[in-house]
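J.: Data: protein_14.tsv, TSV, C-alpha atoms.
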```tsv
chain	number	residue	atom	x	y	z
D	7	MET	CA	-25.78	6.50	0.76
D	8	ARG	CA	-23.81	7.56	-2.31
D	9	ALA	CA	-21.22	5.13	-3.65
D	10	VAL	CA	-19.19	4.36	-6.75
D	11	ALA	CA	-19.55	0.82	-8.10
D	12	TYR	CA	-18.88	-1.32	-11.12
D	13	ARG	CA	-21.23	-4.02	-12.42
D	14	LYS	CA	-19.02	-5.65	-15.06
D	15	SER	CA	-15.27	-5.99	-15.61
D	16	LEU	CA	-14.60	-3.36	-18.26
D	17	PRO	CA	-11.49	-1.56	-19.52
D	18	VAL	CA	-10.93	1.83	-17.96
D	19	THR	CA	-11.45	3.42	-21.38
D	20	ASP	CA	-15.12	2.35	-21.35
D	21	PRO	CA	-17.35	5.25	-20.16
D	22	ALA	CA	-19.51	2.71	-18.31
D	23	VAL	CA	-16.64	1.24	-16.28
D	24	PHE	CA	-17.92	2.92	-13.08
D	25	ALA	CA	-21.33	4.23	-12.01
D	26	ASP	CA	-22.64	6.48	-9.24
D	27	VAL	CA	-25.14	4.45	-7.20
D	28	GLU	CA	-27.27	4.66	-4.05
D	29	LEU	CA	-26.85	1.85	-1.51
D	30	PRO	CA	-28.14	1.19	2.03
D	31	VAL	CA	-25.98	2.38	4.94
D	32	PRO	CA	-24.52	-0.81	6.50
D	33	ALA	CA	-25.00	-1.73	10.16
D	34	PRO	CA	-21.87	-2.46	12.23
D	35	GLY	CA	-21.10	-5.95	13.50
D	36	PRO	CA	-19.67	-6.57	16.99
D	37	ARG	CA	-16.08	-5.42	16.23
D	38	ASP	CA	-16.94	-2.96	13.45
D	39	LEU	CA	-16.61	0.77	13.09
D	40	LEU	CA	-19.05	2.58	10.81
D	41	VAL	CA	-16.97	5.28	9.17
D	42	ARG	CA	-18.12	8.35	7.27
D	43	VAL	CA	-15.54	8.34	4.51
D	44	GLU	CA	-13.88	11.67	3.74
D	45	ALA	CA	-11.05	10.60	1.42
D	46	VAL	CA	-9.85	7.46	-0.37
D	47	SER	CA	-6.72	6.45	-2.24
D	48	VAL	CA	-6.47	4.24	-5.31
D	49	ASN	CA	-3.98	1.36	-5.53
D	50	PRO	CA	-3.04	-1.21	-8.20
D	51	VAL	CA	-5.11	-3.79	-6.29
D	52	ASP	CA	-8.25	-1.78	-7.17
D	53	MET	CA	-7.43	-2.28	-10.84
D	54	LYS	CA	-6.66	-5.99	-10.34
D	55	VAL	CA	-9.99	-6.60	-8.61
D	56	ARG	CA	-11.92	-4.61	-11.22
D	57	LEU	CA	-10.41	-6.64	-14.06
D	58	GLY	CA	-10.36	-9.99	-12.28
D	59	VAL	CA	-13.65	-10.10	-10.36
D	60	ASP	CA	-16.80	-9.73	-12.47
D	61	PRO	CA	-19.79	-9.05	-10.20
D	62	GLY	CA	-22.30	-10.28	-12.78
D	63	GLY	CA	-24.36	-7.11	-12.92
D	64	GLU	CA	-24.55	-6.48	-9.19
D	65	PRO	CA	-22.96	-3.23	-7.91
D	66	LYS	CA	-19.50	-3.94	-6.42
D	67	VAL	CA	-17.83	-1.13	-4.51
D	68	LEU	CA	-14.04	-0.96	-4.77
D	69	GLY	CA	-11.60	0.97	-2.60
D	70	PHE	CA	-9.27	0.01	0.23
D	71	ASP	CA	-7.43	3.06	1.59
D	72	ALA	CA	-9.71	5.44	3.47
D	73	ALA	CA	-9.74	8.17	6.09
D	74	GLY	CA	-12.87	9.38	7.82
D	75	VAL	CA	-14.87	9.78	11.03
D	76	VAL	CA	-16.40	7.04	13.18
D	77	THR	CA	-20.19	7.51	13.35
D	78	ALA	CA	-21.16	4.26	15.12
D	79	VAL	CA	-19.42	1.32	16.78
D	80	GLY	CA	-20.24	-2.34	17.34
D	81	GLU	CA	-21.09	-3.62	20.79
D	82	GLU	CA	-17.67	-5.24	21.35
D	83	VAL	CA	-15.52	-2.31	20.13
D	84	THR	CA	-13.07	-1.12	22.78
D	85	GLY	CA	-10.48	1.01	20.99
D	86	PHE	CA	-12.61	3.67	19.31
D	87	GLN	CA	-15.64	5.83	19.89
D	88	THR	CA	-17.91	7.97	17.76
D	89	GLY	CA	-16.22	11.10	16.54
D	90	ASP	CA	-12.76	9.51	16.26
D	91	GLU	CA	-10.86	10.26	13.06
D	92	VAL	CA	-9.44	7.06	11.58
D	93	TYR	CA	-7.46	5.67	8.66
D	94	TYR	CA	-7.31	2.08	7.40
D	95	ALA	CA	-6.98	-0.18	4.34
D	96	GLY	CA	-9.95	-2.52	4.81
D	97	SER	CA	-10.17	-6.07	3.50
D	98	LEU	CA	-10.68	-7.80	0.17
D	99	ASP	CA	-13.75	-9.67	1.39
D	100	ARG	CA	-15.83	-6.62	2.40
D	101	PRO	CA	-17.42	-3.72	0.48
D	102	GLY	CA	-14.89	-1.03	-0.36
D	103	SER	CA	-14.24	2.55	0.63
D	104	ASN	CA	-15.62	4.28	-2.48
D	105	ALA	CA	-18.81	4.96	-0.54
D	106	ARG	CA	-20.06	7.58	1.90
D	107	TYR	CA	-20.12	5.03	4.74
D	108	GLN	CA	-18.04	1.90	5.22
D	109	LEU	CA	-17.60	-0.80	7.85
D	110	VAL	CA	-14.12	-1.72	9.03
D	111	ASP	CA	-13.00	-4.05	11.82
D	112	GLU	CA	-11.40	-2.03	14.62
D	113	ARG	CA	-8.43	-4.43	14.67
D	114	ILE	CA	-7.23	-3.17	11.27
D	115	ALA	CA	-7.95	0.55	11.76
D	116	GLY	CA	-5.82	3.25	13.35
D	117	HIS	CA	-6.39	6.75	14.63
D	118	LYS	CA	-5.60	9.21	11.86
D	119	PRO	CA	-2.38	11.20	12.27
D	120	ARG	CA	-3.46	14.47	13.91
D	121	THR	CA	-1.19	16.59	11.73
D	122	LEU	CA	-2.57	15.30	8.42
D	123	SER	CA	-5.72	16.18	6.51
D	124	PHE	CA	-8.08	13.36	5.57
D	125	ALA	CA	-6.64	13.37	2.04
D	126	GLU	CA	-3.05	13.23	3.28
D	127	ALA	CA	-3.90	10.39	5.66
D	128	ALA	CA	-5.84	8.38	3.06
D	129	ALA	CA	-2.64	8.05	1.00
D	130	LEU	CA	-0.97	5.94	3.67
D	131	PRO	CA	-2.72	2.84	5.09
D	132	LEU	CA	-2.44	0.09	2.46
D	133	THR	CA	1.11	0.91	1.46
D	134	THR	CA	2.12	1.52	5.07
D	135	ILE	CA	0.84	-1.88	6.17
D	136	THR	CA	2.54	-3.55	3.20
D	137	ALA	CA	5.85	-1.79	3.82
D	138	TYR	CA	5.81	-2.28	7.59
D	139	GLU	CA	4.97	-5.97	7.35
D	140	ALA	CA	7.64	-6.46	4.67
D	141	LEU	CA	10.29	-4.82	6.82
D	142	PHE	CA	9.43	-6.23	10.24
D	143	ASP	CA	7.40	-9.42	9.65
D	144	ARG	CA	9.07	-10.79	6.50
D	145	PHE	CA	12.67	-9.47	6.69
D	146	ARG	CA	12.38	-9.36	10.51
D	147	PHE	CA	14.41	-6.15	10.79
D	148	THR	CA	14.94	-4.40	14.11
D	149	ALA	CA	16.14	-0.95	15.07
D	150	GLU	CA	19.69	-2.33	15.04
D	151	SER	CA	19.49	-3.92	11.59
D	152	THR	CA	22.24	-2.96	9.16
D	153	GLY	CA	23.16	-3.95	5.62
D	154	THR	CA	21.94	-2.75	2.24
D	155	LEU	CA	18.31	-2.88	1.15
D	156	LEU	CA	17.39	-2.49	-2.52
D	157	VAL	CA	13.88	-1.08	-3.01
D	158	LEU	CA	12.52	-1.54	-6.52
D	159	ALA	CA	10.11	1.17	-7.72
D	160	GLY	CA	11.24	3.48	-4.95
D	161	ALA	CA	8.92	6.27	-6.08
D	162	GLY	CA	5.85	4.03	-6.21
D	163	GLY	CA	3.18	3.82	-3.55
D	164	VAL	CA	4.81	1.15	-1.38
D	165	GLY	CA	8.37	2.24	-2.12
D	166	SER	CA	7.57	5.79	-1.04
D	167	ILE	CA	6.64	4.75	2.49
D	168	LEU	CA	9.02	1.79	2.77
D	169	ILE	CA	12.04	4.06	2.19
D	170	GLN	CA	10.85	6.35	5.00
D	171	LEU	CA	10.15	3.52	7.46
D	172	ALA	CA	13.50	1.87	6.76
D	173	ARG	CA	15.30	5.15	7.40
D	174	ALA	CA	13.27	6.02	10.51
D	175	LEU	CA	13.27	2.60	12.18
D	176	THR	CA	16.45	0.75	11.10
D	177	ASN	CA	20.13	1.39	10.35
D	178	LEU	CA	19.92	0.01	6.81
D	179	THR	CA	21.48	1.63	3.78
D	180	VAL	CA	18.63	2.15	1.31
D	181	VAL	CA	19.15	1.93	-2.45
D	182	ALA	CA	16.04	2.72	-4.51
D	183	THR	CA	15.35	2.25	-8.20
D	184	ALA	CA	13.82	5.02	-10.32
D	185	SER	CA	14.34	5.98	-13.93
D	186	ARG	CA	12.73	9.40	-14.49
D	187	PRO	CA	14.11	12.65	-13.04
D	188	GLU	CA	10.94	13.33	-11.03
D	189	SER	CA	10.87	9.84	-9.53
D	190	ARG	CA	14.59	9.94	-8.71
D	191	GLU	CA	14.16	13.28	-6.95
D	192	TRP	CA	11.14	11.97	-5.00
D	193	ALA	CA	12.98	8.87	-3.77
D	194	LEU	CA	15.96	10.93	-2.65
D	195	LYS	CA	13.68	13.43	-0.89
D	196	LEU	CA	12.09	10.56	1.06
D	197	GLY	CA	15.48	9.39	2.33
D	198	ALA	CA	17.03	6.92	-0.10
D	199	HIS	CA	20.81	6.95	0.24
D	200	HIS	CA	21.24	6.12	-3.44
D	201	VAL	CA	18.93	5.94	-6.46
D	202	VAL	CA	19.75	3.81	-9.50
D	203	ASP	CA	18.02	3.16	-12.82
D	204	HIS	CA	16.22	-0.19	-12.93
D	205	HIS	CA	17.37	-0.66	-16.51
D	206	ASP	CA	20.67	-2.59	-16.46
D	207	LEU	CA	19.90	-3.27	-12.80
D	208	VAL	CA	22.96	-5.38	-12.00
D	209	GLU	CA	25.45	-2.89	-13.44
D	210	ASN	CA	23.77	0.12	-11.85
D	211	VAL	CA	23.48	-1.49	-8.41
D	212	ARG	CA	27.13	-2.52	-8.54
D	213	GLU	CA	28.12	1.13	-9.01
D	214	VAL	CA	26.76	2.05	-5.56
D	215	ALA	CA	27.09	-1.37	-3.87
D	216	PRO	CA	30.17	-3.06	-5.40
D	217	ASP	CA	29.89	-6.06	-3.06
D	218	GLY	CA	26.16	-6.50	-3.69
D	219	VAL	CA	23.12	-5.97	-1.47
D	220	ASP	CA	21.71	-7.95	1.44
D	221	TYR	CA	17.98	-7.53	0.82
D	222	VAL	CA	15.63	-6.83	-2.09
D	223	PHE	CA	12.07	-5.54	-1.85
D	224	SER	CA	10.28	-6.19	-5.12
D	225	PRO	CA	6.90	-5.15	-6.53
D	226	ASN	CA	8.20	-6.10	-10.01
D	227	THR	CA	9.66	-9.60	-9.79
D	228	ASP	CA	8.80	-11.00	-13.23
D	229	GLY	CA	12.00	-11.84	-15.12
D	230	ARG	CA	14.29	-10.48	-12.39
D	231	ILE	CA	15.14	-13.53	-10.27
D	232	GLY	CA	18.40	-14.03	-12.16
D	233	GLU	CA	19.36	-10.40	-11.56
D	234	PHE	CA	18.47	-10.68	-7.89
D	235	ALA	CA	20.58	-13.84	-7.59
D	236	GLU	CA	23.52	-11.96	-9.06
D	237	ILE	CA	23.36	-8.80	-6.93
D	238	LEU	CA	22.37	-10.42	-3.61
D	239	ARG	CA	25.05	-11.57	-1.21
D	240	PRO	CA	24.99	-15.16	0.07
D	241	GLY	CA	22.31	-15.59	2.71
D	242	GLY	CA	20.36	-12.60	1.39
D	243	ALA	CA	16.59	-12.28	1.24
D	244	ILE	CA	13.84	-11.10	-1.12
D	245	THR	CA	10.34	-9.97	-0.22
D	246	ALA	CA	7.94	-9.67	-3.16
D	247	ILE	CA	4.41	-8.32	-3.37
D	248	ASP	CA	3.55	-9.27	-6.96
D	249	GLU	CA	2.57	-12.68	-8.32
D	250	PRO	CA	4.31	-13.41	-11.65
D	251	GLU	CA	3.22	-16.62	-13.35
D	252	GLY	CA	5.75	-19.43	-13.54
D	253	LEU	CA	8.13	-17.86	-11.04
D	254	GLU	CA	11.37	-19.89	-11.00
D	255	LEU	CA	13.41	-19.58	-7.79
D	256	VAL	CA	16.15	-22.18	-8.40
D	257	PRO	CA	18.75	-19.49	-9.30
D	258	LEU	CA	18.60	-18.38	-5.64
D	259	LYS	CA	19.64	-21.74	-4.24
D	260	SER	CA	23.44	-21.60	-4.60
D	261	LYS	CA	23.58	-18.48	-2.42
D	262	SER	CA	20.94	-19.76	0.04
D	263	ILE	CA	18.81	-16.70	-0.70
D	264	SER	CA	15.41	-16.78	0.98
D	265	PHE	CA	12.19	-15.64	-0.72
D	266	HIS	CA	9.16	-14.21	1.10
D	267	TRP	CA	5.70	-13.09	0.04
D	268	GLU	CA	4.03	-10.05	1.58
D	269	PHE	CA	0.25	-9.72	1.23
D	270	MET	CA	-1.24	-7.12	3.53
D	271	PHE	CA	-4.71	-8.68	3.34
D	272	THR	CA	-3.56	-11.96	4.93
D	273	ARG	CA	-4.45	-10.95	8.48
D	274	PRO	CA	-7.99	-9.63	7.83
D	275	LEU	CA	-8.84	-12.31	5.23
D	276	HIS	CA	-7.86	-15.17	7.54
D	277	ARG	CA	-8.86	-13.48	10.81
D	278	THR	CA	-5.46	-14.35	12.26
D	279	ALA	CA	-4.86	-14.34	16.00
D	280	ASP	CA	-2.56	-11.34	15.54
D	281	MET	CA	-4.96	-9.41	13.31
D	282	ALA	CA	-4.72	-6.39	15.64
D	283	ALA	CA	-1.04	-6.02	14.68
D	284	GLN	CA	-2.28	-3.89	11.80
D	285	HIS	CA	-4.01	-1.55	14.25
D	286	ASP	CA	-0.81	-1.35	16.27
D	287	LEU	CA	1.42	-0.54	13.30
D	288	LEU	CA	-0.98	2.13	12.02
D	289	GLU	CA	-0.92	3.72	15.47
D	290	ARG	CA	2.89	3.63	15.50
D	291	VAL	CA	3.17	5.19	12.06
D	292	ALA	CA	0.63	7.87	12.97
D	293	ALA	CA	2.92	8.81	15.87
D	294	LEU	CA	5.92	8.92	13.52
D	295	VAL	CA	3.98	11.23	11.20
D	296	ASP	CA	2.98	13.54	14.03
D	297	GLU	CA	6.61	13.60	15.20
D	298	GLY	CA	7.70	14.72	11.73
D	299	LYS	CA	9.65	11.52	11.02
D	300	VAL	CA	7.38	10.24	8.22
D	301	ARG	CA	5.50	12.29	5.65
D	302	THR	CA	2.41	11.64	3.57
D	303	THR	CA	2.98	10.16	0.13
D	304	LEU	CA	0.09	12.06	-1.46
D	305	THR	CA	1.19	13.59	-4.78
D	306	LYS	CA	-2.10	14.09	-6.65
D	307	GLU	CA	-5.56	14.90	-5.27
D	308	LEU	CA	-8.79	14.47	-7.21
D	309	GLY	CA	-12.38	15.00	-6.17
D	310	PRO	CA	-15.12	14.59	-5.33
D	311	ILE	CA	-15.52	10.85	-4.82
D	312	ASN	CA	-17.65	9.96	-7.83
D	313	ALA	CA	-17.53	7.72	-10.89
D	314	ALA	CA	-15.64	10.27	-13.00
D	315	SER	CA	-12.89	10.81	-10.40
D	316	VAL	CA	-12.49	7.09	-9.68
D	317	ARG	CA	-12.19	6.40	-13.40
D	318	GLU	CA	-9.56	9.14	-13.76
D	319	ALA	CA	-7.57	7.67	-10.86
D	320	HIS	CA	-7.68	4.19	-12.41
D	321	GLU	CA	-6.49	5.61	-15.72
D	322	LEU	CA	-3.50	7.20	-13.99
D	323	ILE	CA	-2.66	4.02	-12.05
D	324	GLU	CA	-2.79	1.95	-15.23
D	325	THR	CA	-0.07	4.06	-16.84
D	326	GLY	CA	2.40	2.52	-14.40
D	327	HIS	CA	4.21	5.85	-14.06
D	328	THR	CA	2.64	7.42	-10.99
D	329	VAL	CA	4.82	8.89	-8.26
D	330	GLY	CA	3.56	8.53	-4.69
D	331	LYS	CA	-0.20	8.16	-4.20
D	332	ILE	CA	-3.39	9.43	-5.85
D	333	VAL	CA	-6.16	10.46	-3.46
D	334	ILE	CA	-9.82	11.31	-4.07
D	335	ALA	CA	-11.42	13.52	-1.42
D	336	GLY	CA	-14.90	14.77	-0.57
D	337	PHE	CA	-18.46	13.80	-1.49
```
What's the structure tokens form of this structure?

T.:
Amino acid sequence: MRAVAYRKSLPVTDPAVFADVELPVPAPGPRDLLVRVEAVSVNPVDMKVRLGVDPGGEPKVLGFDAAGVVTAVGEEVTGFQTGDEVYYAGSLDRPGSNARYQLVDERIAGHKPRTLSFAEAAALPLTTITAYEALFDRFRFTAESTGTLLVLAGAGGVGSILIQLARALTNLTVVATASRPESREWALKLGAHHVVDHHDLVENVREVAPDGVDYVFSPNTDGRIGEFAEILRPGGAITAIDEPEGLELVPLKSKSISFHWEFMFTRPLHRTADMAAQHDLLERVAALVDEGKVRTTLTKELGPINAASVREAHELIETGHTVGKIVIAGF
């Protein structure tokens, strides 16, 4: 099968950073789906793995988000059959989605939203799982939850879906951060009640939430704990998805502010007893999409899935200025 791989951790500017390769088609294990991949999306985690995991000359296939068609199932699979259209985010410890065929455990896959193309669906899984788990597993929100949620990088991949899920499934007031006109417009279009510039965060948040906010979702935590401590109300909470070195949380203590990590690979990496919760949430979000309550976050489509397109997507991600999600479709 055709695949895109890297053999050495190289900067994205190096023409040899990715290569088109031929690899064997994998055989499904007991709970696996073998998926013919039709579209993939690129996330910052792809870049982190490429730069942080050197495969020592062996071909390593990246890619997490994918949408495609089930072509074979393992002997213990119960929720899918051949021909099903699926979407999923995979796992860090298995070969990635930048390949014509990929294995994924049925417990972390969902049926693709019927109303979306493969490209539109491929934009969603990783950020959807991250956002959903942040909202309902970390913050423990319910449909009745109120208060004010600050979403940093509201026009980013996770922010774009988190805003929509918070609006569709809770009663929270959503304040997003965005600095450029196009990112501000995008966040408002997705449902943010207010959008503020992340520069001078405390002052700008105070303009729309004079008494402070109750919750902060942060993909950019480095150097901001003091700001969060200032704008959060006593008893507030933070959920972060990044991992800044030397993170100091003491400034949160006087207000009894809680701090949570969200890592969407926890369930598949550790084979948790509730691993199938990711299947369930993908099914729920697919229904929300088909009901018109949530939209795809696809903003740029490349193709076909080859070394040149994957390299271009990584270059765009590394700028740090993308809005929504970048998808690569077709072989």

J.: Would you list the contacts of Asn226 in chain D as a count of residues only, taking every protein, DNA or RNA residue within 12 Å and counting only C-alpha atoms, but skipping same-chain residues closer than 5 positions in sequence?

T.: 20

J.: Name the closest residue to Leu238 in chain D among the candidates D:Glu254, D:Glu268, D:Glu44, D:Asp220; distances are taken between atoms, counting all atoms listed in the file.

T.: D:Asp220

J.: For the atom pair CA of Thr302 in chain D and CA of Pro34 in chain D, what is the interatomic distance in Å to one decimal place?

T.: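 Between CA of Thr302 in chain D and CA of Pro34 in chain D the gap works out to 29.4 Å.
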
J.: Near Phe145 in chain D, counting only C-alpha atoms, which residues have an atom at most 12 Å away, once you skip same-chain residues fewer than 5 positions from it, shown as a ChimeraX atom specification?

T.: /D:137-140,151-153,155,172,176,178,220-223,242-246,264-268

J.: If we count all atoms listed in the file and set the cut-off at 7 Å, which residues sit around range 87-103 of chain D, ignoring sequence neighbours fewer than 6 positions away in its own chain? Please answer as an mmCIF file with C-alpha atoms, in the frame of the given file.

T.:
```cif
data_model
loop_
_atom_site.group_PDB
_atom_site.id
_atom_site.type_symbol
_atom_site.label_atom_id
_atom_site.label_comp_id
_atom_site.auth_asym_id
_atom_site.auth_seq_id
_atom_site.Cartn_x
_atom_site.Cartn_y
_atom_site.Cartn_z
ATOM 1 C CA VAL D 46 -9.850 7.460 -0.370
ATOM 2 C CA VAL D 67 -17.830 -1.130 -4.510
ATOM 3 C CA LEU D 68 -14.040 -0.960 -4.770
ATOM 4 C CA GLY D 69 -11.600 0.970 -2.600
ATOM 5 C CA PHE D 70 -9.270 0.010 0.230
ATOM 6 C CA ASP D 71 -7.430 3.060 1.590
ATOM 7 C CA ALA D 72 -9.710 5.440 3.470
ATOM 8 C CA ALA D 73 -9.740 8.170 6.090
ATOM 9 C CA GLY D 74 -12.870 9.380 7.820
ATOM 10 C CA VAL D 75 -14.870 9.780 11.030
ATOM 11 C CA VAL D 76 -16.400 7.040 13.180
ATOM 12 C CA THR D 77 -20.190 7.510 13.350
ATOM 13 C CA ALA D 78 -21.160 4.260 15.120
ATOM 14 C CA VAL D 79 -19.420 1.320 16.780
ATOM 15 C CA VAL D 110 -14.120 -1.720 9.030
ATOM 16 C CA ILE D 114 -7.230 -3.170 11.270
ATOM 17 C CA ALA D 115 -7.950 0.550 11.760
ATOM 18 C CA GLY D 116 -5.820 3.250 13.350
ATOM 19 C CA HIS D 117 -6.390 6.750 14.630
ATOM 20 C CA LYS D 118 -5.600 9.210 11.860
ATOM 21 C CA ALA D 127 -3.900 10.390 5.660
ATOM 22 C CA ALA D 128 -5.840 8.380 3.060
ATOM 23 C CA PRO D 131 -2.720 2.840 5.090
ATOM 24 C CA LEU D 132 -2.440 0.090 2.460
ATOM 25 C CA PHE D 271 -4.710 -8.680 3.340
ATOM 26 C CA PRO D 274 -7.990 -9.630 7.830
ATOM 27 C CA LEU D 275 -8.840 -12.310 5.230
#
```

J.: D:Arg273, D:Lys66, D:Lys306, D:Arg301: which is nearest Thr328 in chain D, counting only C-alpha atoms?

T.: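 Once distances to Thr328 in chain D are computed over only C-alpha atoms, the minimum belongs to D:Lys306.
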
J.: If I take CA of Val18 in chain D and CA of Val333 in chain D, how far is one from the other in Å, to one decimal?

T.: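 One can read the CA of Val18 in chain D to CA of Val333 in chain D distance as 17.5 Å.
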
J.: Compile the contact shell of range 184-191 of chain D as a PyMOL selection string: residues with an atom at most 12 Å away, counting all atoms listed in the file, same-chain residues fewer than 2 positions apart removed.

T.: chain D and resi 156-163+165-166+181-182+193-207+210-211+305+327-330

J.: Identify which of the residues D:Ile332, D:Gly298, D:Asp228, D:Val31 lies closest to Val48 in chain D, counting all atoms listed in the file when measuring atom-to-atom distances.

T.: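 Checking each of D:Ile332, D:Gly298, D:Asp228, D:Val31 against Val48 in chain D, counting all atoms listed in the file, the winner is D:Ile332.
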
J.: So how many Å separate CA of Pro30 in chain D and CA of Pro310 in chain D, to one decimal?

T.: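 That distance, rounded to one decimal, is 20.1 Å.
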
J.: From the list D:Glu150, D:Asp20, D:Glu236, D:Glu126, which residue is nearest Val300 in chain D when using all atoms listed in the file?

T.: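 Selected residue with least distance to Val300 in chain D: D:Glu126.
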
J.: For Phe337 in chain D, which residue out of D:Thr325, D:Gln170, D:Ser315, D:Thr84 is the nearest one, using all atoms listed in the file?

T.: D:Ser315

J.: Taking into account only C-alpha atoms, which residue in the set D:Ser123, D:Asn177, D:Ser15, D:Thr136 is nearest to Leu287 in chain D?

T.: D:Thr136

J.: So which residues touch Ser260 in chain D within 10 Å, counting all atoms listed in the file, skipping near sequence neighbours fewer than 4 positions away, as a PyMOL selection string?

T.: chain D and resi 235+240-241+256

J.: For range 52-64 of chain D, where the input has fewer atoms than it should, I would like N, CA and C atoms rebuilt and written as a tab-separated table (two decimals), in the frame of the given file.

T.:
```
chain	number	residue	atom	x	y	z
D	52	ASP	N	-6.92	-2.17	-6.69
D	52	ASP	CA	-8.25	-1.78	-7.17
D	52	ASP	C	-8.42	-2.20	-8.63
D	53	MET	N	-7.41	-1.92	-9.42
D	53	MET	CA	-7.43	-2.28	-10.84
D	53	MET	C	-7.49	-3.79	-11.01
D	54	LYS	N	-6.68	-4.53	-10.22
D	54	LYS	CA	-6.66	-5.99	-10.34
D	54	LYS	C	-8.02	-6.59	-10.01
D	55	VAL	N	-8.68	-6.08	-8.97
D	55	VAL	CA	-9.99	-6.60	-8.61
D	55	VAL	C	-11.00	-6.25	-9.69
D	56	ARG	N	-10.97	-5.03	-10.18
D	56	ARG	CA	-11.92	-4.61	-11.22
D	56	ARG	C	-11.83	-5.50	-12.47
D	57	LEU	N	-10.61	-5.84	-12.85
D	57	LEU	CA	-10.41	-6.64	-14.06
D	57	LEU	C	-10.55	-8.14	-13.81
D	58	GLY	N	-10.37	-8.56	-12.56
D	58	GLY	CA	-10.36	-9.99	-12.28
D	58	GLY	C	-11.60	-10.53	-11.60
D	59	VAL	N	-12.45	-9.66	-11.07
D	59	VAL	CA	-13.65	-10.10	-10.36
D	59	VAL	C	-14.86	-9.46	-11.02
D	60	ASP	N	-15.60	-10.24	-11.80
D	60	ASP	CA	-16.80	-9.73	-12.47
D	60	ASP	C	-18.01	-9.96	-11.57
D	61	PRO	N	-18.67	-8.89	-11.14
D	61	PRO	CA	-19.79	-9.05	-10.20
D	61	PRO	C	-21.11	-9.48	-10.83
D	62	GLY	N	-21.10	-9.74	-12.13
D	62	GLY	CA	-22.30	-10.28	-12.78
D	62	GLY	C	-23.49	-9.36	-12.76
D	63	GLY	N	-23.26	-8.07	-12.86
D	63	GLY	CA	-24.36	-7.11	-12.92
D	63	GLY	C	-24.72	-6.47	-11.60
D	64	GLU	N	-24.29	-7.07	-10.50
D	64	GLU	CA	-24.55	-6.48	-9.19
D	64	GLU	C	-23.52	-5.37	-8.90
```
